[in-house]
file data.txt (compact mmCIF, C-alpha atoms and all ligand atoms)
# COMPACT_ATOMS: atom_id res chain seq x y z
CA MET A 1 10.09 29.46 0.49
CA ALA A 2 13.12 29.52 -1.79
CA GLU A 3 11.44 27.12 -4.23
CA VAL A 4 8.59 29.52 -4.82
CA LYS A 5 10.96 32.40 -5.65
CA ALA A 6 13.01 30.38 -8.11
CA ALA A 7 12.38 31.22 -11.75
CA GLY A 8 9.94 29.00 -13.59
CA PRO A 9 6.97 26.89 -12.58
CA ILE A 10 6.49 25.88 -8.96
CA LEU A 11 7.33 22.26 -8.22
CA SER A 12 5.13 19.80 -6.35
CA SER A 13 6.22 18.95 -2.84
CA THR A 14 6.30 15.30 -3.94
CA VAL A 15 8.89 15.72 -6.65
CA ARG A 16 11.04 17.86 -4.36
CA ARG A 17 10.98 15.03 -1.84
CA MET A 18 11.92 12.37 -4.40
CA LYS A 19 15.23 10.58 -4.00
CA GLU A 20 17.61 11.02 -6.90
CA TYR A 21 18.90 7.90 -8.58
CA HIS A 22 22.20 8.27 -10.43
CA PRO A 23 23.30 4.95 -11.84
CA PRO A 24 26.96 5.21 -12.89
CA LEU A 25 26.22 4.81 -16.59
CA GLY A 26 28.26 7.10 -18.87
CA ASP A 27 31.16 5.34 -20.55
CA ARG A 28 30.56 1.65 -19.96
CA SER A 29 32.94 0.28 -22.56
CA GLY A 30 34.89 -2.72 -21.33
CA LEU A 31 33.71 -5.77 -19.44
CA ARG A 32 30.48 -4.77 -17.66
CA LEU A 33 30.36 -6.54 -14.30
CA ASP A 34 28.57 -3.63 -12.64
CA PHE A 35 24.81 -3.96 -13.35
CA ASN A 36 24.17 -7.72 -13.17
CA GLU A 37 23.30 -7.79 -16.83
CA ASN A 38 23.89 -10.81 -19.04
CA THR A 39 27.55 -10.20 -19.99
CA PHE A 40 27.28 -11.82 -23.39
CA ALA A 41 24.10 -11.50 -25.50
CA CYS A 42 20.41 -12.29 -25.72
CA SER A 43 19.10 -15.24 -27.73
CA PRO A 44 19.88 -14.94 -31.45
CA ARG A 45 16.18 -15.60 -32.12
CA VAL A 46 15.35 -12.22 -30.63
CA LEU A 47 17.48 -10.48 -33.23
CA GLU A 48 15.90 -12.59 -35.97
CA THR A 49 12.48 -11.41 -34.82
CA LEU A 50 13.61 -7.80 -34.83
CA GLY A 51 14.80 -8.28 -38.41
CA HIS A 52 11.29 -9.24 -39.48
CA ILE A 53 9.59 -6.15 -38.12
CA SER A 54 8.12 -4.02 -40.89
CA ARG A 55 7.73 -0.27 -41.14
CA ALA A 56 3.95 -0.76 -41.03
CA ASP A 57 4.24 -2.74 -37.77
CA LEU A 58 5.62 0.32 -36.05
CA THR A 59 2.62 2.47 -36.96
CA LYS A 60 0.40 0.55 -34.50
CA TYR A 61 -0.03 1.21 -30.80
CA PRO A 62 1.39 -1.80 -28.97
CA GLU A 63 -0.99 -4.53 -27.77
CA ARG A 64 0.03 -6.17 -24.54
CA GLU A 65 -2.77 -8.73 -24.20
CA PRO A 66 -1.69 -11.42 -26.72
CA VAL A 67 1.80 -11.50 -25.24
CA GLU A 68 0.41 -11.48 -21.70
CA ARG A 69 -1.57 -14.62 -22.56
CA LEU A 70 1.63 -16.31 -23.70
CA VAL A 71 3.57 -15.22 -20.61
CA ALA A 72 0.72 -16.39 -18.37
CA LYS A 73 0.82 -19.81 -20.00
CA HIS A 74 4.60 -19.93 -19.57
CA LEU A 75 4.23 -19.14 -15.85
CA GLY A 76 1.27 -21.48 -15.33
CA LEU A 77 -1.09 -18.59 -14.54
CA GLU A 78 -4.30 -17.05 -15.89
CA PRO A 79 -3.89 -14.07 -18.26
CA ALA A 80 -5.85 -11.92 -15.78
CA GLN A 81 -3.12 -12.58 -13.20
CA VAL A 82 -0.30 -11.26 -15.38
CA LEU A 83 0.79 -7.72 -16.24
CA LEU A 84 3.69 -6.91 -18.54
CA THR A 85 5.63 -3.81 -17.53
CA ASN A 86 8.41 -1.58 -18.83
CA GLY A 87 10.92 -3.48 -16.74
CA VAL A 88 10.43 -4.38 -13.08
CA ASP A 89 11.26 -0.75 -12.34
CA GLU A 90 7.91 0.30 -13.82
CA ALA A 91 6.29 -2.55 -11.89
CA ILE A 92 7.68 -1.09 -8.66
CA HIS A 93 6.40 2.35 -9.63
CA VAL A 94 2.96 0.90 -10.34
CA LEU A 95 2.91 -0.91 -6.98
CA CYS A 96 3.81 2.29 -5.15
CA GLN A 97 1.00 4.13 -6.94
CA THR A 98 -1.43 1.30 -6.19
CA TYR A 99 -0.75 0.80 -2.49
CA LEU A 100 1.06 3.78 -0.96
CA ASP A 101 -0.35 7.10 0.21
CA ALA A 102 -0.33 9.42 3.22
CA GLY A 103 -0.45 7.49 6.48
CA SER A 104 0.82 4.29 4.90
CA GLU A 105 4.08 2.45 5.56
CA LEU A 106 6.48 0.69 3.24
CA LEU A 107 8.35 -2.02 5.10
CA LEU A 108 11.78 -2.49 3.61
CA PRO A 109 14.41 -4.99 4.73
CA VAL A 110 17.77 -3.39 3.82
CA PRO A 111 20.23 -3.42 2.17
CA THR A 112 18.22 -4.04 -0.98
CA TYR A 113 17.44 -2.85 -4.49
CA SER A 114 17.45 0.98 -4.62
CA MET A 115 14.37 1.56 -6.74
CA TYR A 116 11.88 0.57 -4.02
CA GLU A 117 12.80 3.68 -2.06
CA VAL A 118 13.14 5.87 -5.15
CA TYR A 119 9.53 5.25 -6.22
CA ALA A 120 8.22 5.22 -2.66
CA SER A 121 9.73 8.68 -2.17
CA GLY A 122 7.35 9.88 -4.89
CA THR A 123 4.41 9.06 -2.61
CA GLU A 124 3.57 10.27 0.89
CA THR A 125 4.33 6.92 2.51
CA ARG A 126 6.65 6.44 5.45
CA VAL A 127 9.57 4.07 4.78
CA LEU A 128 10.36 1.69 7.62
CA ARG A 129 13.79 0.13 7.06
CA VAL A 130 14.77 -3.10 8.76
CA GLN A 131 18.53 -3.60 8.80
CA ALA A 132 19.91 -7.09 8.19
CA GLY A 133 22.79 -8.33 10.34
CA ASN A 134 26.38 -8.86 9.18
CA ASP A 135 25.53 -12.12 7.43
CA PHE A 136 22.79 -10.30 5.46
CA ALA A 137 20.35 -13.11 6.25
CA PHE A 138 16.71 -12.04 5.92
CA PRO A 139 15.84 -10.44 9.30
CA VAL A 140 12.56 -12.30 9.57
CA GLN A 141 11.80 -11.64 13.24
CA GLN A 142 12.46 -7.88 12.94
CA VAL A 143 10.32 -7.73 9.80
CA LEU A 144 7.46 -9.51 11.59
CA ASP A 145 7.85 -7.18 14.57
CA SER A 146 7.72 -4.12 12.27
CA ILE A 147 4.40 -4.92 10.64
CA THR A 148 1.74 -2.41 11.75
CA PRO A 149 -1.87 -1.72 10.74
CA ALA A 150 -0.40 1.00 8.46
CA THR A 151 1.85 -1.38 6.52
CA ARG A 152 0.73 -1.32 2.88
CA LEU A 153 3.69 -2.75 1.00
CA ILE A 154 6.57 -5.03 1.95
CA ALA A 155 9.27 -5.28 -0.74
CA ILE A 156 11.48 -8.35 -0.69
CA ALA A 157 14.03 -9.15 -3.39
CA ASN A 158 14.64 -12.90 -3.44
CA PRO A 159 17.50 -13.45 -4.00
CA ASN A 160 18.41 -10.02 -2.72
CA SER A 161 20.67 -7.45 -4.32
CA PRO A 162 23.40 -6.43 -3.56
CA THR A 163 23.89 -9.29 -1.08
CA GLY A 164 22.97 -12.37 -3.16
CA GLN A 165 21.14 -13.82 -0.13
CA ALA A 166 17.95 -15.84 -0.46
CA VAL A 167 14.96 -15.88 1.87
CA ARG A 168 13.70 -19.20 3.21
CA ARG A 169 10.24 -20.08 2.01
CA GLU A 170 8.96 -20.52 5.56
CA ASP A 171 10.10 -16.97 6.36
CA LEU A 172 8.33 -15.58 3.30
CA LEU A 173 5.18 -17.44 4.30
CA ALA A 174 5.40 -16.09 7.84
CA VAL A 175 5.59 -12.49 6.56
CA ILE A 176 2.78 -13.01 4.03
CA GLU A 177 0.57 -14.47 6.72
CA ALA A 178 1.37 -11.80 9.30
CA ALA A 179 0.45 -8.95 6.91
CA PRO A 180 -2.75 -9.94 5.11
CA HIS A 181 -3.62 -6.23 4.79
CA ALA A 182 -0.38 -5.42 2.93
CA ALA A 183 0.86 -6.24 -0.55
CA VAL A 184 3.98 -8.40 -0.33
CA LEU A 185 6.20 -7.93 -3.37
CA LEU A 186 8.49 -10.88 -4.00
CA ASP A 187 10.95 -9.56 -6.56
CA GLU A 188 12.37 -12.59 -8.37
CA ALA A 189 14.66 -10.68 -10.75
CA TYR A 190 17.36 -13.33 -10.18
CA PHE A 191 15.05 -16.35 -10.16
CA HIS A 192 16.87 -18.23 -12.93
CA PHE A 193 20.13 -18.36 -10.96
CA PHE A 194 18.34 -19.48 -7.79
CA GLY A 195 15.63 -21.87 -8.97
CA GLU A 196 13.14 -21.40 -6.13
CA THR A 197 9.98 -19.39 -6.62
CA ALA A 198 6.80 -18.27 -4.90
CA MET A 199 4.87 -18.15 -8.18
CA ASP A 200 2.70 -21.04 -6.97
CA LEU A 201 1.22 -18.68 -4.33
CA VAL A 202 -0.09 -16.25 -6.94
CA GLY A 203 -3.87 -16.36 -7.04
CA ARG A 204 -4.01 -18.63 -4.00
CA VAL A 205 -2.85 -15.98 -1.53
CA PRO A 206 -4.45 -12.57 -2.13
CA ASN A 207 -1.55 -10.39 -0.91
CA VAL A 208 1.28 -12.05 -2.85
CA ILE A 209 2.73 -10.22 -5.83
CA VAL A 210 5.63 -11.76 -7.74
CA ALA A 211 7.87 -9.83 -10.15
CA ARG A 212 10.18 -11.22 -12.82
CA THR A 213 12.42 -9.45 -15.31
CA PHE A 214 13.85 -10.16 -18.74
CA SER A 215 16.81 -7.89 -17.99
CA LYS A 216 19.08 -10.36 -16.25
CA ALA A 217 19.24 -14.01 -17.38
CA TYR A 218 17.49 -13.32 -20.72
CA GLY A 219 19.91 -10.50 -21.52
CA LEU A 220 17.22 -8.00 -22.57
CA ALA A 221 17.83 -5.06 -20.22
CA GLY A 222 17.74 -2.69 -23.20
CA LEU A 223 14.24 -3.74 -24.26
CA ARG A 224 12.71 -3.04 -20.81
CA LEU A 225 10.48 -6.01 -20.05
CA GLY A 226 9.15 -7.04 -16.67
CA VAL A 227 6.24 -9.13 -15.41
CA LEU A 228 3.97 -8.69 -12.41
CA ALA A 229 1.92 -11.66 -11.25
CA ALA A 230 -0.86 -11.41 -8.67
CA ALA A 231 -4.44 -12.36 -7.91
CA GLU A 232 -6.89 -10.98 -10.46
CA GLU A 233 -8.64 -8.83 -7.80
CA GLN A 234 -5.37 -6.99 -7.14
CA MET A 235 -4.25 -6.93 -10.73
CA GLN A 236 -7.27 -4.94 -11.87
CA TRP A 237 -6.05 -2.02 -9.72
CA MET A 238 -2.50 -2.25 -11.03
CA ARG A 239 -3.90 -2.18 -14.57
CA ARG A 240 -5.50 1.16 -13.73
CA ALA A 241 -2.23 2.59 -12.46
CA ILE A 242 -0.06 1.50 -15.39
CA SER A 243 0.33 3.47 -18.59
CA PRO A 244 -1.45 1.52 -21.36
CA TYR A 245 1.41 1.54 -23.86
CA SER A 246 4.44 1.46 -21.60
CA VAL A 247 5.70 -1.81 -23.07
CA ASN A 248 6.63 -0.92 -26.62
CA ALA A 249 5.96 -2.91 -29.78
CA LEU A 250 9.56 -4.04 -30.29
CA ALA A 251 9.75 -5.46 -26.78
CA LEU A 252 6.39 -7.21 -27.21
CA ALA A 253 7.45 -8.66 -30.57
CA CYS A 254 10.69 -10.05 -29.13
CA LEU A 255 9.34 -11.54 -25.93
CA PRO A 256 7.87 -14.76 -27.44
CA SER A 257 11.18 -15.57 -29.15
CA ALA A 258 13.08 -15.05 -25.92
CA ILE A 259 10.74 -17.37 -24.00
CA GLU A 260 10.71 -20.03 -26.72
CA ASP A 261 14.49 -20.29 -26.86
CA SER A 262 14.73 -22.06 -23.52
CA ALA A 263 17.90 -23.86 -24.63
CA TYR A 264 19.67 -20.54 -24.87
CA LEU A 265 18.47 -19.47 -21.42
CA ASP A 266 19.57 -22.81 -19.94
CA TRP A 267 23.00 -22.42 -21.53
CA TYR A 268 23.48 -18.94 -20.11
CA VAL A 269 22.29 -19.94 -16.64
CA SER A 270 24.68 -22.91 -16.61
CA GLU A 271 27.53 -20.56 -17.56
CA VAL A 272 26.65 -18.27 -14.66
CA LEU A 273 26.39 -21.11 -12.14
CA ALA A 274 29.81 -22.44 -13.17
CA SER A 275 31.19 -18.89 -13.09
CA ARG A 276 29.83 -18.23 -9.62
CA THR A 277 31.69 -21.26 -8.28
CA LEU A 278 34.85 -20.16 -10.09
CA PHE A 279 34.58 -16.62 -8.80
CA GLU A 280 33.84 -17.59 -5.21
CA SER A 281 36.79 -20.03 -5.24
CA ALA A 282 39.03 -17.22 -6.46
CA LEU A 283 37.85 -14.96 -3.63
CA THR A 284 38.49 -17.74 -1.11
CA ARG A 285 41.97 -18.34 -2.54
CA LEU A 286 42.74 -14.60 -2.37
CA ASP A 287 41.38 -14.40 1.19
CA VAL A 288 38.75 -11.81 0.26
CA PRO A 289 35.66 -12.08 2.46
CA TYR A 290 32.40 -12.46 0.49
CA TRP A 291 28.80 -13.56 0.93
CA PRO A 292 28.02 -16.82 -0.90
CA SER A 293 25.53 -15.82 -3.58
CA ARG A 294 22.35 -17.32 -5.08
CA ALA A 295 22.32 -14.81 -7.94
CA ASN A 296 24.56 -13.77 -10.86
CA PHE A 297 26.83 -11.56 -8.78
CA VAL A 298 28.92 -11.73 -5.64
CA LEU A 299 29.28 -9.09 -2.92
CA ALA A 300 32.90 -8.92 -1.76
CA ASN A 301 34.20 -7.05 1.26
CA ILE A 302 37.24 -5.15 0.04
CA GLY A 303 37.39 -2.89 3.08
CA SER A 304 38.79 0.63 3.25
CA LYS A 305 40.36 0.47 -0.20
CA HIS A 306 37.10 -0.23 -2.04
CA GLN A 307 37.34 2.89 -4.19
CA GLU A 308 40.94 2.24 -5.16
CA PHE A 309 39.94 -1.30 -6.01
CA ALA A 310 37.08 -0.24 -8.31
CA ALA A 311 39.43 2.26 -10.00
CA ALA A 312 42.12 -0.40 -10.45
CA MET A 313 39.54 -2.73 -12.03
CA ARG A 314 38.41 0.06 -14.35
CA ARG A 315 42.00 0.64 -15.51
CA ARG A 316 41.88 -3.02 -16.55
CA ASN A 317 38.65 -2.33 -18.43
CA VAL A 318 36.46 -4.18 -15.94
CA LEU A 319 33.53 -2.32 -14.42
CA VAL A 320 32.35 -3.31 -10.94
CA ARG A 321 29.83 -1.64 -8.61
CA ASP A 322 30.92 -0.02 -5.38
CA ARG A 323 28.05 -0.63 -2.93
CA SER A 324 29.83 0.89 0.03
CA SER A 325 27.09 3.44 0.67
CA ASP A 326 24.35 0.82 0.93
CA PRO A 327 23.19 0.31 4.53
CA GLY A 328 25.57 -2.11 6.29
CA CYS A 329 27.76 -2.52 3.17
CA ASP A 330 30.74 -0.37 4.10
CA GLY A 331 33.74 -1.43 1.97
CA CYS A 332 31.68 -3.74 -0.23
CA VAL A 333 31.89 -4.09 -3.99
CA ARG A 334 29.40 -6.06 -6.10
CA ILE A 335 30.76 -8.00 -9.04
CA THR A 336 28.60 -9.63 -11.72
CA VAL A 337 29.45 -13.11 -12.95
CA GLY A 338 28.63 -13.91 -16.56
CA THR A 339 29.99 -16.40 -19.04
CA ARG A 340 32.97 -18.47 -17.92
CA GLU A 341 35.21 -16.64 -20.36
CA HIS A 342 34.18 -13.24 -19.00
CA THR A 343 34.48 -14.43 -15.42
CA GLU A 344 38.03 -15.64 -16.02
CA LEU A 345 38.89 -12.17 -17.34
CA GLY A 346 37.24 -10.71 -14.25
CA ILE A 347 39.25 -12.97 -11.95
CA ALA A 348 42.53 -12.03 -13.65
CA ALA A 349 41.70 -8.33 -13.23
CA LEU A 350 40.69 -8.96 -9.61
CA GLU A 351 44.04 -10.56 -8.75
CA GLU A 352 46.03 -7.78 -10.40
CA SER A 353 43.91 -5.04 -8.85
CA LEU A 354 44.21 -6.46 -5.32
CA ARG A 355 47.97 -6.66 -5.81
CA GLU A 356 48.11 -3.12 -7.16
CA ILE A 357 46.27 -1.61 -4.19
CA GLY A 358 48.36 -3.65 -1.78
CA TRP A 359 45.30 -5.41 -0.42
CA MET A 360 45.97 -7.79 2.42
CA LYS A 361 43.81 -10.11 4.43
CA GLY A 362 42.40 -8.43 7.49
CA GLU A 363 42.02 -5.13 5.70
CA ALA A 364 38.28 -5.57 5.31
C1 LIG B 1 17.91 -5.51 -11.81
C2 LIG B 1 16.80 -5.57 -10.85
C3 LIG B 1 15.54 -5.13 -11.21
C4 LIG B 1 15.35 -4.32 -12.47
O1 LIG B 1 14.74 -4.95 -13.43
P1 LIG B 1 14.31 -4.19 -14.76
O2 LIG B 1 13.33 -5.17 -15.29
O3 LIG B 1 15.52 -4.03 -15.61
O4 LIG B 1 13.68 -2.88 -14.42
C5 LIG B 1 14.49 -5.31 -10.31
N1 LIG B 1 14.71 -5.84 -9.10
C6 LIG B 1 15.92 -6.25 -8.71
C7 LIG B 1 16.10 -6.83 -7.36
C8 LIG B 1 17.01 -6.11 -9.57
O5 LIG B 1 18.22 -6.44 -9.16

call {"tool": "encode", "arguments": {"input": "data.txt", "output": "structure tokens"}}
result
Amino acid sequence: MAEVKAAGPILSSTVRRMKEYHPPLGDRSGLRLDFNENTFACSPRVLETLGHISRADLTKYPEREPVERLVAKHLGLEPAQVLLTNGVDEAIHVLCQTYLDAGSELLLPVPTYSMYEVYASGTETRVLRVQAGNDFAFPVQQVLDSITPATRLIAIANPNSPTGQAVRREDLLAVIEAAPHAAVLLDEAYFHFFGETAMDLVGRVPNVIVARTFSKAYGLAGLRLGVLAAAEEQMQWMRRAISPYSVNALALACLPSAIEDSAYLDWYVSEVLASRTLFESALTRLDVPYWPSRANFVLANIGSKHQEFAAAMRRRNVLVRDRSSDPGCDGCVRITVGTREHTELGIAALEESLREIGWMKGEA
């Protein structure tokens, strides 16, 4: 095999099989409407907390437990049901390590968040994709029909990215009930912009696992903070799989301040909700097809000129995310909505860019 002859140590078959993930980071100066981050800032209290951290504080290994107790209380759960993670991305990695191995199946309604497949590709599981229709509604019947005795994990982002579509609670319940032998991950990264949750099922239904992040509404993507919530019996296995110090001391120190400043969170969420209405009205006015969103972004169908559109936006210093290569998303671009001020800038750039590329209705 060519790999064996290559200079240097021989790689595992697993890592050679792993999917590469290349987020278009690099130069992200300008208005960042490409990663669904908070476009403005985190709570000022978080920065205050950072200012009070001493040199001696940093000499200690981080302790998750006290902060987990606080998060559990905030979510109405027991501390044993809560695990803090280095972002939801680490949570996904931990879930893949906990539930997936040779002979197992990951059931994945697509299009969806990329990292489920990235981490699953680092295991020997088989990925079973279930394609949503043109409206990107949750394909509940196909998901139910695809559950097998080998299903070990079903990953559902609710609301979903990049589509912004939500799953009806009765559909979630149907899937959870039809796969009692599989972990069902309900990824609520965009919960704050949607308002509905399945957190009440945690502990009551053994196969439900809910994830939340501090990267989106809270504006803390740089700190890397995520939460997993599940029944204690399941959580003890996830605690084995996770690295003990993966959530660092600065993140742990800041988290209580972020949670306590609920007024700030409410303000930002209200900005996003107003912005979403503004942005969707602009798309309607400009005759651009889009999928009405329950999150802090909108998926628009730009059609064959999607790349030219993203480039035209970039020339106006506005970054957007081309999702054209996602399954069923040909010609689609995902645009984050943030504060009203930022969204108005985004809309102005959108109008100019569509004009520049000569976009016309029917092109999509
Ligand atoms: C952004 C996003 C995440 C990533 O969250 P981190 O906590 O920053 O790792 C997870 N799931 C979905 C669906 C997302 O869109």

call {"tool": "closest_residue", "arguments": {"input": "data.txt", "among": "A:Asp34, A:Glu188, A:Glu280, A:Asp261", "to": "Arg314 (chain A)", "atoms": "all atoms listed in the file"}}
result
A:Asp34

call {"tool": "residues_near_ligand", "arguments": {"input": "data.txt", "ligand": "ligand LIG 1 (chain B)", "cutoff": "9 Å", "atoms": "only C-alpha atoms and all ligand atoms", "output": "PyMOL selection string"}}
result
chain A and resi 35-37+85-92+112-116+156-162+187-190+211-216+220-227

call {"tool": "atom_distance", "arguments": {"input": "data.txt", "atom1": "CA of Leu31 (chain A)", "atom2": "CA of Glu344 (chain A)"}}
result
11.3 Å

call {"tool": "atom_distance", "arguments": {"input": "data.txt", "atom1": "CA of Leu173 (chain A)", "atom2": "CA of Leu265 (chain A)"}}
result
29.0 Å

call {"tool": "closest_residue", "arguments": {"input": "data.txt", "among": "A:Ala183, A:Leu319, A:Ala230, A:Val337", "to": "Leu273 (chain A)", "atoms": "only C-alpha atoms"}}
result
A:Val337

call {"tool": "atom_distance", "arguments": {"input": "data.txt", "atom1": "CA of Ser43 (chain A)", "atom2": "CA of Pro66 (chain A)"}}
result
21.2 Å

call {"tool": "closest_residue", "arguments": {"input": "data.txt", "among": "A:Glu351, A:Glu356, A:Asp322, A:Glu68", "to": "Leu33 (chain A)", "atoms": "only C-alpha atoms"}}
result
A:Asp322

call {"tool": "residues_around", "arguments": {"input": "data.txt", "residues": "Val208 (chain A)", "least_positions_apart": "5", "cutoff": "9 Å", "atoms": "all atoms listed in the file", "output": "JSON list (two decimals) with C-alpha atoms, in the frame of the given file"}}
result
[["chain", "number", "residue", "atom", "x", "y", "z"],
["A", 176, "ILE", "CA", 2.78, -13.01, 4.03],
["A", 182, "ALA", "CA", -0.38, -5.42, 2.93],
["A", 183, "ALA", "CA", 0.86, -6.24, -0.55],
["A", 184, "VAL", "CA", 3.98, -8.40, -0.33],
["A", 185, "LEU", "CA", 6.20, -7.93, -3.37],
["A", 186, "LEU", "CA", 8.49, -10.88, -4.00],
["A", 198, "ALA", "CA", 6.80, -18.27, -4.90],
["A", 199, "MET", "CA", 4.87, -18.15, -8.18],
["A", 201, "LEU", "CA", 1.22, -18.68, -4.33],
["A", 202, "VAL", "CA", -0.09, -16.25, -6.94],
["A", 203, "GLY", "CA", -3.87, -16.36, -7.04],
["A", 229, "ALA", "CA", 1.92, -11.66, -11.25],
["A", 230, "ALA", "CA", -0.86, -11.41, -8.67],
["A", 231, "ALA", "CA", -4.44, -12.36, -7.91]]

call {"tool": "residues_around", "arguments": {"input": "data.txt", "residues": "Leu278 (chain A)", "least_positions_apart": "2", "cutoff": "9 Å", "atoms": "only C-alpha atoms", "output": "list in words"}}
result
Leu273, Ala274, Ser275, Arg276, Glu280, Ser281, Ala282, Leu283, Arg340, Thr343, Glu344 and Ile347 of chain A

call {"tool": "closest_residue", "arguments": {"input": "data.txt", "among": "A:Ala258, A:Val118, A:Leu153, A:Ala132", "to": "Ala41 (chain A)", "atoms": "all atoms listed in the file"}}
result
A:Ala258

call {"tool": "closest_residue", "arguments": {"input": "data.txt", "among": "A:Arg152, A:Lys305, A:Arg45, A:Lys73", "to": "Ala102 (chain A)", "atoms": "only C-alpha atoms"}}
result
A:Arg152

call {"tool": "closest_residue", "arguments": {"input": "data.txt", "among": "A:Asn207, A:Leu345, A:Gly164, A:Phe193", "to": "Ala178 (chain A)", "atoms": "only C-alpha atoms"}}
result
A:Asn207

call {"tool": "residues_near_point", "arguments": {"input": "data.txt", "point": "(28.1, -1.8, 3.3)", "cutoff": "10 Å", "atoms": "all atoms listed in the file", "output": "list in words"}}
result
Pro111, Asn134, Pro162, Thr163, Leu299, Ala300, Asn301, Gly303, Asp322, Arg323, Ser324, Ser325, Asp326, Pro327, Gly328, Cys329, Asp330, Gly331, Cys332 and Val333 of chain A

call {"tool": "residues_near_point", "arguments": {"input": "data.txt", "point": "(12.1, -8.7, 14.4)", "cutoff": "12 Å", "atoms": "all atoms listed in the file", "output": "list in words"}}
result
Pro109, Arg129, Val130, Gln131, Ala132, Gly133, Phe138, Pro139, Val140, Gln141, Gln142, Val143, Leu144, Asp145, Ser146, Ile147, Asp171, Ala174 and Val175 of chain A

call {"tool": "residues_around", "arguments": {"input": "data.txt", "residues": "Arg17 (chain A)", "least_positions_apart": "4", "cutoff": "8 Å", "atoms": "all atoms listed in the file", "output": "MDAnalysis selection string"}}
result
chainID A and resid 13 121:122

call {"tool": "decode", "arguments": {"input": "data.txt", "residues": "region 173-208 of chain A", "atoms": "C-alpha atoms", "output": "mmCIF file, in the first residue's frame"}}
result
data_model
loop_
_atom_site.group_PDB
_atom_site.id
_atom_site.type_symbol
_atom_site.label_atom_id
_atom_site.label_comp_id
_atom_site.auth_asym_id
_atom_site.auth_seq_id
_atom_site.Cartn_x
_atom_site.Cartn_y
_atom_site.Cartn_z
ATOM 1 C CA LEU A 173 -41.127 11.809 20.179
ATOM 2 C CA ALA A 174 -41.954 9.308 17.443
ATOM 3 C CA VAL A 175 -38.245 8.871 16.596
ATOM 4 C CA ILE A 176 -37.207 8.628 20.257
ATOM 5 C CA GLU A 177 -39.842 5.993 20.875
ATOM 6 C CA ALA A 178 -39.050 3.991 17.744
ATOM 7 C CA ALA A 179 -35.338 3.726 18.625
ATOM 8 C CA PRO A 180 -35.077 2.941 22.340
ATOM 9 C CA HIS A 181 -31.781 1.136 21.640
ATOM 10 C CA ALA A 182 -30.177 4.235 20.079
ATOM 11 C CA ALA A 183 -28.992 7.521 21.531
ATOM 12 C CA VAL A 184 -30.996 10.389 20.053
ATOM 13 C CA LEU A 185 -29.003 13.614 20.036
ATOM 14 C CA LEU A 186 -31.184 16.702 19.958
ATOM 15 C CA ASP A 187 -28.744 19.490 19.143
ATOM 16 C CA GLU A 188 -30.328 22.714 20.395
ATOM 17 C CA ALA A 189 -27.490 25.045 19.364
ATOM 18 C CA TYR A 190 -30.089 27.587 18.180
ATOM 19 C CA PHE A 191 -32.556 27.087 21.034
ATOM 20 C CA HIS A 192 -32.666 30.749 22.083
ATOM 21 C CA PHE A 193 -33.946 31.894 18.683
ATOM 22 C CA PHE A 194 -36.568 29.137 18.587
ATOM 23 C CA GLY A 195 -37.840 28.838 22.153
ATOM 24 C CA GLU A 196 -38.936 25.199 22.103
ATOM 25 C CA THR A 197 -36.900 22.521 23.825
ATOM 26 C CA ALA A 198 -36.817 18.832 24.651
ATOM 27 C CA MET A 199 -34.859 19.424 27.865
ATOM 28 C CA ASP A 200 -37.877 18.244 29.870
ATOM 29 C CA LEU A 201 -37.315 14.728 28.461
ATOM 30 C CA VAL A 202 -33.815 14.478 29.922
ATOM 31 C CA GLY A 203 -33.737 11.923 32.709
ATOM 32 C CA ARG A 204 -37.302 10.835 31.973
ATOM 33 C CA VAL A 205 -36.480 9.160 28.662
ATOM 34 C CA PRO A 206 -33.255 7.123 28.765
ATOM 35 C CA ASN A 207 -32.186 7.601 25.124
ATOM 36 C CA VAL A 208 -32.588 11.386 24.892
#
